$ cat coords10.tsv   # TSV, C-alpha atoms
chain	number	residue	atom	x	y	z
A	166	MET	CA	101.03	87.76	102.99
A	167	GLU	CA	101.12	91.54	102.93
A	168	ARG	CA	98.17	91.56	100.56
A	169	ILE	CA	96.13	89.38	102.92
A	170	LEU	CA	96.94	91.68	105.85
A	171	PHE	CA	96.00	94.70	103.73
A	172	PHE	CA	92.61	93.20	102.92
A	173	ILE	CA	91.95	92.22	106.55
A	174	PHE	CA	92.82	95.65	107.96
A	175	GLY	CA	91.21	97.51	105.07
A	176	PHE	CA	87.98	95.59	105.58
A	177	VAL	CA	88.05	96.25	109.33
A	178	ALA	CA	88.69	99.95	108.71
A	179	VAL	CA	85.77	100.30	106.30
A	180	PHE	CA	83.49	98.20	108.52
A	181	GLY	CA	84.43	100.33	111.53
A	182	SER	CA	83.77	103.60	109.73
A	183	ILE	CA	80.39	102.38	108.47
A	184	MET	CA	79.48	101.41	112.04
A	185	VAL	CA	80.61	104.83	113.34
A	186	VAL	CA	78.28	106.51	110.90
A	187	SER	CA	75.33	104.20	111.52
A	188	ARG	CA	75.22	103.70	115.33
A	189	ARG	CA	72.58	105.61	117.28
A	190	HIS	CA	74.45	106.18	120.50
A	191	PRO	CA	77.73	108.16	120.32
A	192	ILE	CA	79.50	105.81	122.76
A	193	SER	CA	79.18	102.81	120.44
A	194	SER	CA	80.28	105.06	117.57
A	195	VAL	CA	83.40	106.07	119.45
A	196	MET	CA	84.35	102.43	120.12
A	197	TYR	CA	84.07	101.63	116.41
A	198	LEU	CA	86.10	104.79	115.70
A	199	LEU	CA	88.84	103.32	117.88
A	200	LEU	CA	88.70	100.09	115.84
A	201	THR	CA	89.03	102.08	112.61
A	202	LEU	CA	91.95	104.14	113.93
A	203	PHE	CA	93.85	101.05	115.02
A	204	SER	CA	93.37	99.30	111.67
A	205	VAL	CA	94.50	102.43	109.82
A	206	ALA	CA	97.59	102.43	112.06
A	207	ALA	CA	98.19	98.82	111.02
A	208	LEU	CA	97.90	99.90	107.37
A	209	PHE	CA	100.53	102.58	108.04
A	210	VAL	CA	102.82	99.88	109.43
A	211	LEU	CA	102.24	97.82	106.27
A	212	ARG	CA	103.47	100.87	104.35
A	213	LYS	CA	106.57	100.98	106.62
A	214	SER	CA	105.49	104.34	108.06
A	215	HIS	CA	106.35	103.47	111.64
A	216	PHE	CA	106.51	107.02	112.89
A	217	ILE	CA	103.05	107.95	111.61
A	218	ALA	CA	101.63	104.67	112.95
A	219	ALA	CA	102.97	105.39	116.44
A	220	ILE	CA	101.70	108.98	116.31
A	221	GLN	CA	98.32	107.69	115.10
A	222	ILE	CA	97.99	105.49	118.20
A	223	ILE	CA	99.32	108.13	120.61
A	224	VAL	CA	97.48	111.18	119.26
A	225	TYR	CA	94.23	109.65	118.04
A	226	ALA	CA	93.61	106.72	120.37
A	227	GLY	CA	95.39	108.37	123.29
A	228	ALA	CA	94.15	111.93	123.03
A	229	VAL	CA	91.36	112.57	120.53
A	230	VAL	CA	89.23	109.51	121.32
A	231	VAL	CA	89.70	110.03	125.07
A	232	LEU	CA	88.62	113.65	124.61
A	233	ILE	CA	85.50	112.59	122.68
A	234	VAL	CA	84.59	109.95	125.30
A	235	PHE	CA	85.16	112.52	128.02
A	236	VAL	CA	82.81	115.01	126.36
A	237	ILE	CA	80.13	112.36	125.77
A	238	MET	CA	80.28	111.36	129.45
A	239	LEU	CA	80.35	115.01	130.55
A	240	LEU	CA	77.32	115.99	128.50
A	241	ASN	CA	75.45	112.81	129.47
A	242	VAL	CA	72.68	113.44	126.94
A	243	ALA	CA	69.45	111.83	128.10
A	244	GLU	CA	68.24	108.88	126.03
A	245	SER	CA	65.14	110.85	124.99
A	246	LYS	CA	67.24	113.81	123.81
A	247	ILE	CA	69.48	111.86	121.44
A	248	PRO	CA	68.58	113.25	118.02
A	249	VAL	CA	66.16	111.13	116.00
A	250	GLU	CA	67.39	110.57	112.46
A	251	ARG	CA	64.77	111.32	109.85
A	252	PRO	CA	65.99	110.89	106.30
A	253	THR	CA	65.29	113.91	104.11
A	254	LEU	CA	65.62	114.49	100.38
A	255	ALA	CA	68.81	116.50	100.86
A	256	GLN	CA	70.36	113.64	102.79
A	257	GLY	CA	69.41	111.18	100.05
A	258	VAL	CA	71.09	113.44	97.50
A	259	GLY	CA	74.10	113.68	99.81
A	260	VAL	CA	74.44	109.91	100.07
A	261	VAL	CA	74.20	109.55	96.28
A	262	ALA	CA	76.82	112.28	95.87
A	263	ALA	CA	79.08	110.48	98.35
A	264	GLY	CA	78.64	107.28	96.35
A	265	LEU	CA	79.69	109.13	93.19
A	266	LEU	CA	82.68	110.55	95.08
A	267	MET	CA	83.63	107.02	96.11
A	268	LEU	CA	83.35	105.85	92.49
A	269	GLU	CA	85.52	108.74	91.34
A	270	GLY	CA	88.08	108.00	94.02
A	271	ALA	CA	88.20	104.37	92.93
A	272	LEU	CA	88.54	105.35	89.25
A	273	VAL	CA	91.31	107.88	89.87
A	274	GLY	CA	93.02	105.54	92.31
A	275	SER	CA	93.03	102.56	89.96
A	276	ARG	CA	95.16	104.54	87.47
A	277	TYR	CA	98.14	104.18	89.78
A	278	GLY	CA	98.45	100.49	89.15
A	279	ALA	CA	102.22	100.22	89.11
A	280	GLN	CA	103.99	98.11	91.68
A	281	ILE	CA	106.68	99.66	93.81
A	282	GLU	CA	110.14	98.53	92.81
A	283	LYS	CA	112.39	100.75	94.89
A	284	ALA	CA	112.30	99.87	98.56
A	285	VAL	CA	112.99	103.31	100.00
A	286	ASP	CA	112.31	103.69	103.69
A	287	VAL	CA	110.70	107.12	103.83
A	288	GLY	CA	108.49	106.47	106.82
A	289	THR	CA	111.03	105.65	109.48
A	290	VAL	CA	111.53	107.99	112.42
A	291	GLU	CA	114.93	108.97	111.06
A	292	ALA	CA	113.71	109.89	107.57
A	293	VAL	CA	110.62	111.75	108.78
A	294	GLY	CA	112.59	113.57	111.47
A	295	LYS	CA	115.22	114.64	108.97
A	296	ALA	CA	112.59	116.01	106.60
A	297	LEU	CA	110.64	117.63	109.42
A	298	PHE	CA	113.60	119.58	110.78
A	299	THR	CA	115.21	120.59	107.49
A	300	SER	CA	112.96	121.10	104.45
A	301	TYR	CA	109.71	121.43	106.40
A	302	LEU	CA	110.93	123.35	109.43
A	303	LEU	CA	108.70	126.39	108.89
A	304	PRO	CA	105.43	124.42	108.51
A	305	PHE	CA	106.44	122.41	111.57
A	306	GLU	CA	106.91	125.56	113.64
A	307	ILE	CA	103.65	127.05	112.36
A	308	THR	CA	101.94	123.86	113.57
A	309	SER	CA	102.84	124.82	117.13
A	310	LEU	CA	101.15	128.19	116.61
A	311	LEU	CA	98.03	126.34	115.43
A	312	LEU	CA	98.06	124.19	118.55
A	313	LEU	CA	98.44	127.27	120.75
A	314	ALA	CA	95.47	128.89	119.01
A	315	ALA	CA	93.45	125.67	119.50
A	316	ILE	CA	94.28	125.56	123.22
A	317	VAL	CA	93.29	129.18	123.80
A	318	GLY	CA	90.22	128.85	121.58
A	319	SER	CA	88.87	125.75	123.28
A	320	ILE	CA	89.39	127.22	126.75
A	321	VAL	CA	87.55	130.41	125.76
A	322	LEU	CA	84.72	128.49	124.06
A	323	ALA	CA	84.14	126.00	126.88
A	324	ARG	CA	84.31	128.60	129.67
A	325	LYS	CA	81.33	128.87	132.01
A	326	LYS	CA	80.51	132.49	131.19
A	327	PHE	CA	80.30	132.77	127.43
B	137	MET	CA	104.02	95.12	98.06
B	138	VAL	CA	100.38	96.03	97.74
B	139	PRO	CA	99.79	98.29	94.71
B	140	GLU	CA	99.35	101.99	95.30
B	141	SER	CA	95.86	101.90	93.76
B	142	TYR	CA	94.51	99.64	96.53
B	143	TYR	CA	95.41	102.21	99.15
B	144	LEU	CA	93.87	105.04	97.15
B	145	VAL	CA	90.65	103.09	96.62
B	146	LEU	CA	90.44	102.24	100.33
B	147	SER	CA	91.10	105.89	101.17
B	148	GLY	CA	88.33	106.98	98.76
B	149	ILE	CA	85.85	104.53	100.32
B	150	MET	CA	86.64	105.69	103.86
B	151	PHE	CA	86.39	109.35	102.83
B	152	ALA	CA	82.98	108.72	101.24
B	153	VAL	CA	81.73	106.98	104.39
B	154	GLY	CA	82.84	110.04	106.38
B	155	VAL	CA	81.01	112.34	103.96
B	156	VAL	CA	77.84	110.28	104.42
B	157	GLY	CA	78.19	110.66	108.18
B	158	VAL	CA	78.62	114.43	108.02
B	159	VAL	CA	75.75	114.91	105.59
B	160	SER	CA	73.19	112.52	107.05
B	161	ARG	CA	73.65	112.51	110.84
B	162	ARG	CA	72.13	115.02	113.27
B	163	ASN	CA	74.21	114.25	116.35
B	164	ALA	CA	77.02	116.81	116.53
B	165	LEU	CA	79.39	114.34	118.21
B	166	ILE	CA	78.96	111.75	115.46
B	167	ILE	CA	79.52	114.47	112.85
B	168	LEU	CA	82.86	115.26	114.53
B	169	MET	CA	83.78	111.56	114.48
B	170	SER	CA	82.94	111.37	110.76
B	171	ILE	CA	85.30	114.31	110.16
B	172	GLU	CA	88.01	112.32	111.96
B	173	ILE	CA	87.35	109.39	109.61
B	174	MET	CA	87.71	111.68	106.58
B	175	LEU	CA	91.00	113.09	107.89
B	176	ASN	CA	92.25	109.55	108.49
B	177	ALA	CA	91.36	108.55	104.94
B	178	VAL	CA	93.36	111.50	103.65
B	179	ASN	CA	96.30	110.48	105.85
B	180	LEU	CA	96.19	107.01	104.36
B	181	ALA	CA	96.38	108.48	100.85
B	182	PHE	CA	99.25	110.77	101.90
B	183	VAL	CA	101.29	107.96	103.41
B	184	ALA	CA	100.68	105.58	100.49
B	185	ALA	CA	101.58	108.25	97.93
B	186	GLY	CA	104.64	109.27	99.94
B	187	SER	CA	106.10	105.79	99.98
B	188	TYR	CA	105.11	105.27	96.32
B	189	LEU	CA	107.06	108.37	95.30
B	190	GLY	CA	109.89	107.69	97.76
B	191	ASP	CA	109.47	111.12	99.35
B	192	PRO	CA	109.17	111.71	103.11
B	193	ALA	CA	106.86	114.67	102.39
B	194	GLY	CA	103.87	112.32	102.46
B	195	ASN	CA	104.63	111.32	106.03
B	196	VAL	CA	105.40	114.91	107.03
B	197	PHE	CA	102.06	116.14	105.75
B	198	ALA	CA	100.21	113.23	107.35
B	199	PHE	CA	101.78	114.49	110.58
B	200	MET	CA	100.48	118.01	109.86
B	201	VAL	CA	96.99	116.63	109.15
B	202	MET	CA	97.06	114.85	112.52
B	203	THR	CA	97.91	118.12	114.25
B	204	VAL	CA	95.02	119.82	112.51
B	205	ALA	CA	92.74	116.91	113.48
B	206	ALA	CA	93.70	117.23	117.14
B	207	ALA	CA	93.11	121.00	117.08
B	208	GLU	CA	89.82	120.51	115.27
B	209	ALA	CA	88.63	117.94	117.82
B	210	ALA	CA	89.50	120.21	120.75
B	211	VAL	CA	87.79	123.31	119.33
B	212	GLY	CA	84.84	121.36	117.90
B	213	LEU	CA	84.12	119.62	121.20
B	214	ALA	CA	84.41	122.95	123.03
B	215	ILE	CA	81.78	124.36	120.67
B	216	VAL	CA	79.54	121.32	121.31
B	217	ILE	CA	79.88	121.87	125.07
B	218	ALA	CA	79.06	125.58	124.70
B	219	ILE	CA	75.98	124.80	122.57
B	220	PHE	CA	74.82	122.11	125.00
B	221	ARG	CA	75.18	124.51	127.91
B	222	HIS	CA	72.93	127.06	126.20
B	223	ARG	CA	70.42	124.87	124.40
B	224	GLU	CA	70.46	121.44	126.10
B	225	THR	CA	70.79	119.73	122.73
B	226	VAL	CA	73.38	118.12	120.46
B	227	ASP	CA	70.98	118.02	117.49
B	228	VAL	CA	72.45	120.17	114.72
B	229	SER	CA	69.08	120.47	112.94
B	230	GLU	CA	67.74	122.46	115.90
B	231	LEU	CA	70.38	125.14	115.41
B	232	LYS	CA	68.82	127.20	112.65
B	233	GLU	CA	68.86	130.79	113.87
B	234	LEU	CA	71.34	131.73	111.15
B	235	LYS	CA	69.34	129.94	108.46
B	236	PHE	CA	68.15	132.29	105.73
$ encode --input "coords10.tsv" --output "structure tokens"
Amino acid sequence: MERILFFIFGFVAVFGSIMVVSRRHPISSVMYLLLTLFSVAALFVLRKSHFIAAIQIIVYAGAVVVLIVFVIMLLNVAESKIPVERPTLAQGVGVVAAGLLMLEGALVGSRYGAQIEKAVDVGTVEAVGKALFTSYLLPFEITSLLLLAAIVGSIVLARKKF
Amino acid sequence: MVPESYYLVLSGIMFAVGVVGVVSRRNALIILMSIEIMLNAVNLAFVAAGSYLGDPAGNVFAFMVMTVAAAEAAVGLAIVIAIFRHRETVDVSELKELKF
């Protein structure tokens, strides 16, 4: 059962990301991005990482995607000004390189073939919270500094007079 | 349970799709979305490896990656807005003043 769900959500995630990359208009891309994010959240749930799945929905679908949609609507790029995609040699090389990367990822990944025997719940809110506030307290606090820098930076960058 | 390798292969495929998007698209907004896909693929690998090893560190670092992704989206979109205000374009191939 879990395997079937994995294949369904994995297929939807890959399909969604391919559609994000291939759509012409950013709005259709962003809708497929939402599809991908939700199926990745479902994959997190399959891995019993409930905390990360909830955060994925709240932060990505609730904040990042809304921000992207907001910017697309704000810019309102005219249909004639949407960039025309012309394939170049460099892009062809890039796609081939990405294919090789994918192959390498699959080869490295298939080495870890072992099944999981121990059913340790490391992804629950309790376990993640405990780790976050004890062993990883300093990185967690530094994260807040990063967010502060991002807030100040984006306000400065998007200001009228720049 | 689904084997660890399946998750890593899926993560590799999604990362590669994101790389294709960054390398081959010209629309700055779609490039930002492809970066989000790549970060999500990495998160998937983190979470799968974390539960495989029985260590909450995988989940903790997936959390960190999400923070970085949110910060990156905010700053990246601010840059796109600033560029659009000056140049009336979101086409990254038109921004070549710094090209050698």
$ atom_distance --input "coords10.tsv" --atom1 "CA of Leu211 in chain A" --atom2 "CA of Val196 in chain B"
17.4 Å
$ residues_around --input "coords10.tsv" --residues "Ile166 in chain B" --least-positions-apart "5" --cutoff "9 Å" --atoms "only C-alpha atoms" --output "list in words"
Val185, Val186, Arg188, His190, Pro191, Ser194 and Val195 of chain A; Gly157, Val158, Arg161 and Ile171 of chain B
$ write_last_selection --input "coords10.tsv" --atoms "C-alpha atoms" --output "PDB file, in the coordinates of the input"
ATOM      1  CA  VAL A 185      80.610 104.830 113.340  1.00  0.00           C
ATOM      2  CA  VAL A 186      78.280 106.510 110.900  1.00  0.00           C
ATOM      3  CA  ARG A 188      75.220 103.700 115.330  1.00  0.00           C
ATOM      4  CA  HIS A 190      74.450 106.180 120.500  1.00  0.00           C
ATOM      5  CA  PRO A 191      77.730 108.160 120.320  1.00  0.00           C
ATOM      6  CA  SER A 194      80.280 105.060 117.570  1.00  0.00           C
ATOM      7  CA  VAL A 195      83.400 106.070 119.450  1.00  0.00           C
TER       8      VAL A 195
ATOM      9  CA  GLY B 157      78.190 110.660 108.180  1.00  0.00           C
ATOM     10  CA  VAL B 158      78.620 114.430 108.020  1.00  0.00           C
ATOM     11  CA  ARG B 161      73.650 112.510 110.840  1.00  0.00           C
ATOM     12  CA  ILE B 171      85.300 114.310 110.160  1.00  0.00           C
TER      13      ILE B 171
END
$ atom_distance --input "coords10.tsv" --atom1 "CA of Phe197 in chain B" --atom2 "CA of Leu311 in chain A"
14.6 Å
$ closest_residue --input "coords10.tsv" --among "A:Pro304, A:Leu265, A:Ile183, A:Pro248" --to "Gly154 in chain B" --atoms "only C-alpha atoms"
A:Ile183
$ residues_around --input "coords10.tsv" --residues "Arg189 in chain A" --least-positions-apart "6" --cutoff "9 Å" --atoms "only C-alpha atoms" --output "PDB file with C-alpha atoms, keeping the file's coordinate frame"
ATOM      1  CA  ILE A 247      69.480 111.860 121.440  1.00  0.00           C
ATOM      2  CA  PRO A 248      68.580 113.250 118.020  1.00  0.00           C
ATOM      3  CA  VAL A 249      66.160 111.130 116.000  1.00  0.00           C
ATOM      4  CA  GLU A 250      67.390 110.570 112.460  1.00  0.00           C
TER       5      GLU A 250
ATOM      6  CA  ASN B 163      74.210 114.250 116.350  1.00  0.00           C
TER       7      ASN B 163
END
$ atom_distance --input "coords10.tsv" --atom1 "CA of Leu165 in chain B" --atom2 "CA of Met267 in chain A"
23.7 Å
$ closest_residue --input "coords10.tsv" --among "B:Met202, B:Val145, B:Ala177, B:Ile217" --to "Ile223 in chain A" --atoms "all atoms listed in the file"
B:Met202
$ closest_residue --input "coords10.tsv" --among "A:Val179, A:Leu297, A:Leu198, A:Ala218" --to "Met150 in chain B" --atoms "only C-alpha atoms"
A:Val179
